[in-house]
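Below: start_3.cif (mmCIF, C-alpha atoms)
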data_final
loop_
_atom_site.label_atom_id
_atom_site.label_comp_id
_atom_site.auth_asym_id
_atom_site.auth_seq_id
_atom_site.Cartn_x
_atom_site.Cartn_y
_atom_site.Cartn_z
CA MET A 1 0.00 0.00 0.00
CA ASP A 2 2.96 2.35 -0.51
CA ARG A 3 1.77 3.38 -3.99
CA LEU A 4 -1.48 3.93 -5.81
CA ARG A 5 -1.74 1.59 -8.80
CA VAL A 6 -3.97 2.72 -11.66
CA LEU A 7 -4.72 1.47 -15.16
CA THR A 8 -6.67 2.63 -18.21
CA LEU A 9 -7.90 0.53 -21.13
CA ASN A 10 -10.23 1.07 -24.08
CA ILE A 11 -11.93 -2.35 -24.16
CA TRP A 12 -13.24 -2.05 -27.78
CA ASN A 13 -16.83 -2.79 -26.68
CA ARG A 14 -17.85 -6.29 -27.88
CA GLN A 15 -16.05 -6.29 -31.18
CA GLY A 16 -13.93 -9.26 -32.16
CA PRO A 17 -13.86 -12.44 -30.02
CA TRP A 18 -15.28 -10.84 -26.86
CA GLU A 19 -15.29 -13.92 -24.64
CA GLU A 20 -11.62 -14.60 -25.41
CA ARG A 21 -10.77 -10.96 -24.89
CA LEU A 22 -12.73 -10.87 -21.64
CA HIS A 23 -10.60 -13.74 -20.35
CA LEU A 24 -7.41 -11.84 -21.26
CA ILE A 25 -8.61 -8.63 -19.63
CA ARG A 26 -9.44 -10.44 -16.39
CA ALA A 27 -6.10 -12.26 -16.47
CA GLY A 28 -4.25 -8.98 -17.00
CA LEU A 29 -6.03 -7.36 -14.08
CA ARG A 30 -5.18 -10.28 -11.83
CA GLU A 31 -1.52 -9.98 -12.79
CA LEU A 32 -1.23 -6.19 -12.51
CA ALA A 33 -3.57 -5.86 -9.49
CA PRO A 34 -4.40 -2.19 -10.02
CA ASP A 35 -6.30 -0.38 -7.29
CA VAL A 36 -8.32 1.70 -9.74
CA VAL A 37 -9.15 1.03 -13.38
CA GLY A 38 -10.60 3.34 -16.03
CA LEU A 39 -12.39 1.68 -18.96
CA GLN A 40 -13.70 3.15 -22.19
CA GLU A 41 -16.02 1.84 -24.93
CA VAL A 42 -18.05 0.00 -22.32
CA LEU A 43 -21.52 -1.26 -23.27
CA SER A 44 -24.34 -1.57 -20.75
CA GLY A 45 -27.71 -3.21 -21.20
CA GLY A 46 -29.16 -1.83 -17.98
CA GLU A 47 -27.86 -2.43 -14.48
CA ARG A 48 -25.16 -4.76 -15.77
CA SER A 49 -22.37 -3.57 -18.06
CA GLN A 50 -19.24 -5.06 -19.58
CA ALA A 51 -17.39 -3.49 -16.65
CA HIS A 52 -19.45 -5.68 -14.31
CA GLU A 53 -18.54 -8.72 -16.42
CA ILE A 54 -14.87 -7.84 -16.16
CA ALA A 55 -15.08 -7.26 -12.40
CA GLU A 56 -16.62 -10.65 -11.64
CA GLU A 57 -14.53 -12.57 -9.09
CA LEU A 58 -11.97 -9.76 -8.94
CA GLY A 59 -13.47 -7.89 -6.01
CA TYR A 60 -13.87 -4.49 -7.65
CA THR A 61 -16.77 -2.10 -7.17
CA VAL A 62 -18.08 -0.66 -10.46
CA ALA A 63 -19.32 2.70 -11.72
CA PHE A 64 -20.63 3.19 -15.26
CA GLY A 65 -21.30 6.47 -17.05
CA LYS A 66 -23.25 6.69 -20.29
CA ALA A 67 -22.02 8.81 -23.19
CA SER A 68 -24.43 7.71 -25.93
CA THR A 69 -26.79 4.94 -27.06
CA GLY A 70 -25.38 2.38 -29.50
CA ARG A 71 -27.07 0.84 -32.49
CA SER A 72 -28.06 -2.16 -30.39
CA GLY A 73 -29.88 0.09 -27.94
CA GLU A 74 -27.25 -0.44 -25.27
CA ALA A 75 -25.63 2.45 -23.47
CA PHE A 76 -22.07 3.23 -24.56
CA GLY A 77 -19.69 4.94 -22.18
CA ASN A 78 -16.97 4.81 -19.56
CA ALA A 79 -16.47 2.90 -16.33
CA VAL A 80 -14.38 2.83 -13.17
CA LEU A 81 -13.36 -0.26 -11.19
CA SER A 82 -12.17 0.31 -7.63
CA ARG A 83 -10.80 -1.80 -4.78
CA TRP A 84 -12.47 0.58 -2.33
CA PRO A 85 -16.02 1.87 -1.94
CA MET A 86 -17.26 4.66 -4.18
CA VAL A 87 -18.99 7.47 -2.32
CA ARG A 88 -20.15 9.41 -5.36
CA GLU A 89 -20.73 8.79 -9.06
CA GLU A 90 -21.61 11.49 -11.58
CA VAL A 91 -21.60 11.83 -15.36
CA PHE A 92 -20.92 15.11 -17.16
CA PRO A 93 -21.76 15.52 -20.88
CA LEU A 94 -18.98 17.06 -22.94
CA PRO A 95 -19.23 19.54 -25.83
CA THR A 96 -20.00 17.93 -29.19
CA GLY A 97 -18.95 20.76 -31.48
CA GLU A 98 -22.27 20.15 -33.26
CA ARG A 99 -21.02 16.68 -34.22
CA ASP A 100 -23.19 13.59 -33.83
CA GLU A 101 -20.76 11.92 -31.45
CA PRO A 102 -21.81 12.39 -27.80
CA ARG A 103 -19.04 12.04 -25.23
CA SER A 104 -18.98 12.26 -21.46
CA LEU A 105 -16.77 12.45 -18.40
CA LEU A 106 -17.37 10.00 -15.56
CA LEU A 107 -16.45 10.99 -12.01
CA ALA A 108 -16.09 8.31 -9.36
CA GLU A 109 -15.12 9.53 -5.90
CA ILE A 110 -13.42 6.74 -4.00
CA ALA A 111 -12.90 6.33 -0.25
CA SER A 112 -9.21 5.40 -0.48
CA PRO A 113 -6.73 4.85 2.38
CA TRP A 114 -5.29 8.30 1.54
CA GLY A 115 -8.55 10.19 1.66
CA ARG A 116 -11.04 11.17 -1.00
CA LEU A 117 -9.80 10.01 -4.40
CA PRO A 118 -11.50 11.67 -7.38
CA VAL A 119 -11.12 9.59 -10.54
CA PHE A 120 -12.27 10.95 -13.90
CA VAL A 121 -12.55 8.74 -17.01
CA THR A 122 -13.29 9.93 -20.53
CA HIS A 123 -13.15 9.08 -24.23
CA LEU A 124 -12.90 11.98 -26.68
CA ASN A 125 -13.96 12.32 -30.32
CA TRP A 126 -11.98 9.93 -32.49
CA ARG A 127 -11.75 11.45 -35.97
CA PHE A 128 -8.38 12.92 -36.94
CA HIS A 129 -9.94 16.21 -38.08
CA HIS A 130 -11.95 16.71 -34.88
CA GLY A 131 -9.09 18.41 -33.03
CA ALA A 132 -11.19 21.54 -32.53
CA VAL A 133 -13.93 19.46 -30.88
CA ARG A 134 -11.39 17.77 -28.60
CA GLU A 135 -10.07 21.20 -27.66
CA GLN A 136 -13.56 22.15 -26.47
CA GLN A 137 -13.83 18.86 -24.61
CA VAL A 138 -10.54 19.19 -22.71
CA GLN A 139 -11.42 22.75 -21.68
CA ALA A 140 -14.70 21.45 -20.26
CA ILE A 141 -12.89 18.60 -18.51
CA ALA A 142 -10.38 20.98 -16.90
CA GLU A 143 -13.22 23.15 -15.62
CA ILE A 144 -15.11 20.16 -14.19
CA VAL A 145 -12.02 18.69 -12.52
CA HIS A 146 -11.16 22.06 -10.98
CA ARG A 147 -14.73 22.50 -9.73
CA GLU A 148 -15.34 18.96 -8.48
CA GLY A 149 -11.88 17.92 -7.30
CA PRO A 150 -10.58 18.40 -3.75
CA VAL A 151 -8.51 21.28 -2.51
CA ASP A 152 -4.81 20.71 -1.81
CA ALA A 153 -4.71 19.81 1.91
CA PRO A 154 -2.30 22.56 3.09
CA THR A 155 -4.59 25.21 1.56
CA ILE A 156 -7.89 23.81 2.82
CA ALA A 157 -8.43 26.96 4.91
CA GLU A 158 -8.93 28.86 1.66
CA ALA A 159 -12.00 26.76 0.83
CA PRO A 160 -13.19 24.98 4.00
CA GLU A 161 -16.37 23.74 2.31
CA ARG A 162 -14.29 21.50 0.06
CA GLU A 163 -12.68 18.40 1.51
CA ALA A 164 -8.94 17.84 1.13
CA GLY A 165 -8.04 14.72 -0.80
CA TYR A 166 -5.75 13.05 -3.28
CA PRO A 167 -5.00 14.99 -6.49
CA PRO A 168 -7.59 14.21 -9.19
CA ILE A 169 -6.70 11.48 -11.67
CA LEU A 170 -7.86 11.73 -15.28
CA MET A 171 -7.68 8.60 -17.44
CA GLY A 172 -8.88 7.63 -20.85
CA ASP A 173 -8.65 7.45 -24.60
CA LEU A 174 -8.13 11.04 -25.70
CA ASN A 175 -7.71 10.14 -29.39
CA ALA A 176 -4.93 12.73 -29.54
CA GLN A 177 -1.16 12.47 -29.59
CA PRO A 178 1.07 14.08 -26.94
CA GLU A 179 2.04 16.97 -29.26
CA SER A 180 -1.59 17.87 -30.06
CA ALA A 181 -3.06 21.14 -28.81
CA GLU A 182 -5.61 19.31 -26.68
CA VAL A 183 -3.02 17.21 -24.83
CA ARG A 184 -0.55 20.10 -24.58
CA PHE A 185 -3.33 22.09 -22.91
CA LEU A 186 -3.89 19.37 -20.31
CA LYS A 187 -0.14 19.22 -19.62
CA GLY A 188 0.08 22.98 -19.06
CA LEU A 189 2.15 23.61 -22.19
CA GLN A 190 -0.32 25.95 -23.88
CA SER A 191 -3.55 27.77 -23.18
CA LEU A 192 -6.91 27.37 -24.92
CA GLY A 193 -9.73 29.89 -24.82
CA GLY A 194 -7.73 32.11 -22.48
CA ARG A 195 -7.49 29.32 -19.90
CA SER A 196 -4.76 26.98 -18.72
CA THR A 197 -4.43 23.95 -16.46
CA PHE A 198 -1.86 21.33 -15.48
CA PHE A 199 -1.79 17.55 -15.26
CA SER A 200 1.27 15.31 -15.12
CA ASP A 201 1.42 12.77 -17.97
CA ALA A 202 2.42 9.56 -16.19
CA TYR A 203 3.89 7.82 -19.22
CA GLU A 204 5.86 10.87 -20.34
CA ILE A 205 7.40 11.18 -16.88
CA ALA A 206 7.93 7.54 -15.88
CA GLY A 207 7.56 5.47 -19.06
CA HIS A 208 10.09 4.33 -21.65
CA GLY A 209 9.93 4.28 -25.44
CA PRO A 210 7.24 5.77 -27.68
CA GLY A 211 4.42 4.16 -25.71
CA TYR A 212 2.14 3.65 -28.70
CA THR A 213 -1.22 2.47 -27.41
CA TYR A 214 -2.79 2.16 -30.87
CA ASP A 215 -0.34 0.30 -33.10
CA GLU A 216 -1.29 -1.69 -36.19
CA THR A 217 2.26 -3.06 -36.41
CA ARG A 218 1.86 -4.90 -33.09
CA ASN A 219 -1.87 -5.36 -32.65
CA THR A 220 -3.79 -7.12 -35.40
CA PHE A 221 -7.11 -5.74 -34.15
CA ALA A 222 -5.83 -2.22 -34.93
CA GLY A 223 -4.70 -3.22 -38.43
CA PRO A 224 -7.95 -2.85 -40.41
CA HIS A 225 -8.11 0.90 -39.73
CA HIS A 226 -4.71 1.54 -41.41
CA GLU A 227 -3.84 4.24 -38.86
CA HIS A 228 -0.25 5.11 -37.99
CA PRO A 229 1.04 3.99 -34.57
CA ARG A 230 0.54 6.63 -31.88
CA ARG A 231 0.07 7.22 -28.16
CA ILE A 232 -3.52 8.25 -27.49
CA ASP A 233 -4.37 6.67 -24.10
CA TYR A 234 -3.33 8.43 -20.90
CA VAL A 235 -3.05 8.41 -17.15
CA LEU A 236 -2.90 12.05 -16.05
CA VAL A 237 -2.78 13.37 -12.51
CA ARG A 238 -3.15 16.90 -11.19
CA GLY A 239 -0.13 17.02 -8.99
CA PRO A 240 2.06 16.26 -7.20
CA ASP A 241 0.51 18.24 -4.38
CA ARG A 242 2.30 19.75 -1.40
CA LEU A 243 2.11 16.46 0.49
CA GLY A 244 4.00 14.68 -2.28
CA ARG A 245 0.98 12.74 -3.55
CA GLY A 246 0.38 12.05 -7.22
CA LYS A 247 3.90 11.90 -8.60
CA PRO A 248 4.21 9.28 -11.41
CA LEU A 249 6.77 6.72 -10.27
CA VAL A 250 6.22 3.92 -12.80
CA ALA A 251 4.40 3.81 -16.13
CA ARG A 252 4.27 1.18 -18.84
CA LEU A 253 2.04 -0.32 -21.49
CA ALA A 254 -0.27 -3.16 -20.51
CA PHE A 255 -2.26 -5.87 -22.32
CA GLN A 256 0.29 -6.19 -25.11
CA ASP A 257 0.48 -9.99 -25.18
CA ILE A 258 -0.94 -11.96 -28.10
CA HIS A 259 -2.59 -15.32 -27.35
CA ALA A 260 -3.46 -17.47 -30.37
CA GLY A 261 -3.79 -14.32 -32.47
CA VAL A 262 -5.94 -12.54 -29.90
CA THR A 263 -5.10 -9.43 -27.87
CA ALA A 264 -7.24 -8.04 -25.05
CA SER A 265 -8.36 -5.06 -27.17
CA ASP A 266 -7.50 -3.05 -30.25
CA HIS A 267 -5.76 -0.64 -27.83
CA PHE A 268 -2.97 -1.36 -25.39
CA GLY A 269 -3.55 -0.15 -21.85
CA VAL A 270 -1.48 2.17 -19.67
CA TYR A 271 -0.49 1.10 -16.15
CA ALA A 272 0.97 3.59 -13.67
CA GLU A 273 2.05 3.76 -10.06
CA LEU A 274 1.62 7.08 -8.25
CA SER A 275 3.12 8.31 -5.01
CA VAL A 276 0.92 8.51 -1.93
CA GLY A 277 3.04 10.65 0.39
CA SER A 278 6.42 11.82 1.52
CA GLU A 279 8.48 9.63 -0.85
CA ALA A 280 7.76 12.19 -3.59
CA ALA A 281 8.26 15.33 -1.54
CA GLY A 282 11.11 17.56 -2.65
#
Starting from the file, give its structure as structure tokens.
Amino acid sequence: MDRLRVLTLNIWNRQGPWEERLHLIRAGLRELAPDVVGLQEVLSGGERSQAHEIAEELGYTVAFGKASTGRSGEAFGNAVLSRWPMVREEVFPLPTGERDEPRSLLLAEIASPWGRLPVFVTHLNWRFHHGAVREQQVQAIAEIVHREGPVDAPTIAEAPEREAGYPPILMGDLNAQPESAEVRFLKGLQSLGGRSTFFSDAYEIAGHGPGYTYDETRNTFAGPHHEHPRRIDYVLVRGPDRLGRGKPLVARLAFQDIHAGVTASDHFGVYAELSVGSEAAG
């Protein structure tokens, strides 16, 4: 319990051999043992979603947040799996830029051993030429995280109505590369709409290599789209804070293995370990 272990994965809804992929996702979670998981492209037929299927026998609590309704009539959205109880769940719609592609941001507040842990999971517009839409979406996300996230503990006197807690974590498939305007905005490297924010990019800080999470050269499920390899899935954390919490210590790709021609998804996941206290201070 000396680090917070988190993971994000776009599960590719039920495309491909879902039952085989489900087995690989569960196996990967058993091996990595993350404390918190963010999932995208999750389908839900009511009270039970693919996230609930994944969580079976693994001991996670589940939150699901709808973004849209799929052709099958099922809800399509994001999910959070947590080792600890969730004390709040809320879904925020994101700007669409007048495109017919609804997206949302799921907030799951978790009662962690280090206090309130706000986890946000999202999945942004996917088309290459929708950068302007994604820019609107990340500005909305930054505003929501700032409004809903906890205050840094040493400055709690400035806003006593807001509980101190762990720095907010933002995970998901942003469908944008690290050098894009939308990701640069989240990392504090440029402003958008006269506003700025800052999140640490766990893989950039603690990972190695290009970190491509969508790679047709290594994942046959990504091949049919003929898209160039790129890093589009992220674990981001607003920190580290003054208590040394939230510093990325480890980051690597996950779910890369191929079993009889099958991978867990058309995306690779991102696994990260974040500091929980004084080990990151200074």
Quick one: which residues end up in the PyMOL selection byres ((chain A and resi 73) around 12) for this structure, as an mmCIF file with C-alpha atoms, in the coordinates of the input?
data_model
loop_
_atom_site.group_PDB
_atom_site.id
_atom_site.type_symbol
_atom_site.label_atom_id
_atom_site.label_comp_id
_atom_site.auth_asym_id
_atom_site.auth_seq_id
_atom_site.Cartn_x
_atom_site.Cartn_y
_atom_site.Cartn_z
ATOM 1 C CA LEU A 43 -21.520 -1.260 -23.270
ATOM 2 C CA SER A 44 -24.340 -1.570 -20.750
ATOM 3 C CA GLY A 45 -27.710 -3.210 -21.200
ATOM 4 C CA GLY A 46 -29.160 -1.830 -17.980
ATOM 5 C CA SER A 68 -24.430 7.710 -25.930
ATOM 6 C CA THR A 69 -26.790 4.940 -27.060
ATOM 7 C CA GLY A 70 -25.380 2.380 -29.500
ATOM 8 C CA ARG A 71 -27.070 0.840 -32.490
ATOM 9 C CA SER A 72 -28.060 -2.160 -30.390
ATOM 10 C CA GLU A 74 -27.250 -0.440 -25.270
ATOM 11 C CA ALA A 75 -25.630 2.450 -23.470
ATOM 12 C CA PHE A 76 -22.070 3.230 -24.560
#
Selection under test: the PyMOL selection byres ((chain A and resi 169) around 6); residues as a ChimeraX atom specification: /A:119,168,170,236-237
Output file for the selection above: C-alpha atoms, as an mmCIF file, in the coordinates of the input:
data_model
loop_
_atom_site.group_PDB
_atom_site.id
_atom_site.type_symbol
_atom_site.label_atom_id
_atom_site.label_comp_id
_atom_site.auth_asym_id
_atom_site.auth_seq_id
_atom_site.Cartn_x
_atom_site.Cartn_y
_atom_site.Cartn_z
ATOM 1 C CA VAL A 119 -11.120 9.590 -10.540
ATOM 2 C CA PRO A 168 -7.590 14.210 -9.190
ATOM 3 C CA LEU A 170 -7.860 11.730 -15.280
ATOM 4 C CA LEU A 236 -2.900 12.050 -16.050
ATOM 5 C CA VAL A 237 -2.780 13.370 -12.510
#
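Of the residues listed (A:Gln137, A:Thr8, A:Ser112, A:Gln177), A:Ser112 shows the shortest atom-to-atom separation from A:Val276; distances use all atoms listed in the file.
Taking atom CA of A:Leu7 and atom CA of A:Ala251 as the two end points, the separation is 9.5 Å.
When the PyMOL selection byres ((chain A and resi 88) around 7) is evaluated on the file shown here, the picked residues come out as Met86, Val87, Glu89, Glu90, Ala108 and Glu109 of chain A.
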task: Extract, using all atoms listed in the file, all DNA, RNA and protein residues at most 10 Å from A:Lys187, discarding same-chain residues fewer than 4 positions from it, and format them as a list in words.
output: Pro178, Ala181, Glu182, Val183, Ser191, Ser196, Thr197, Phe198, Phe199, Ser200, Asp201, Leu236, Val237 and Arg238 of chain A
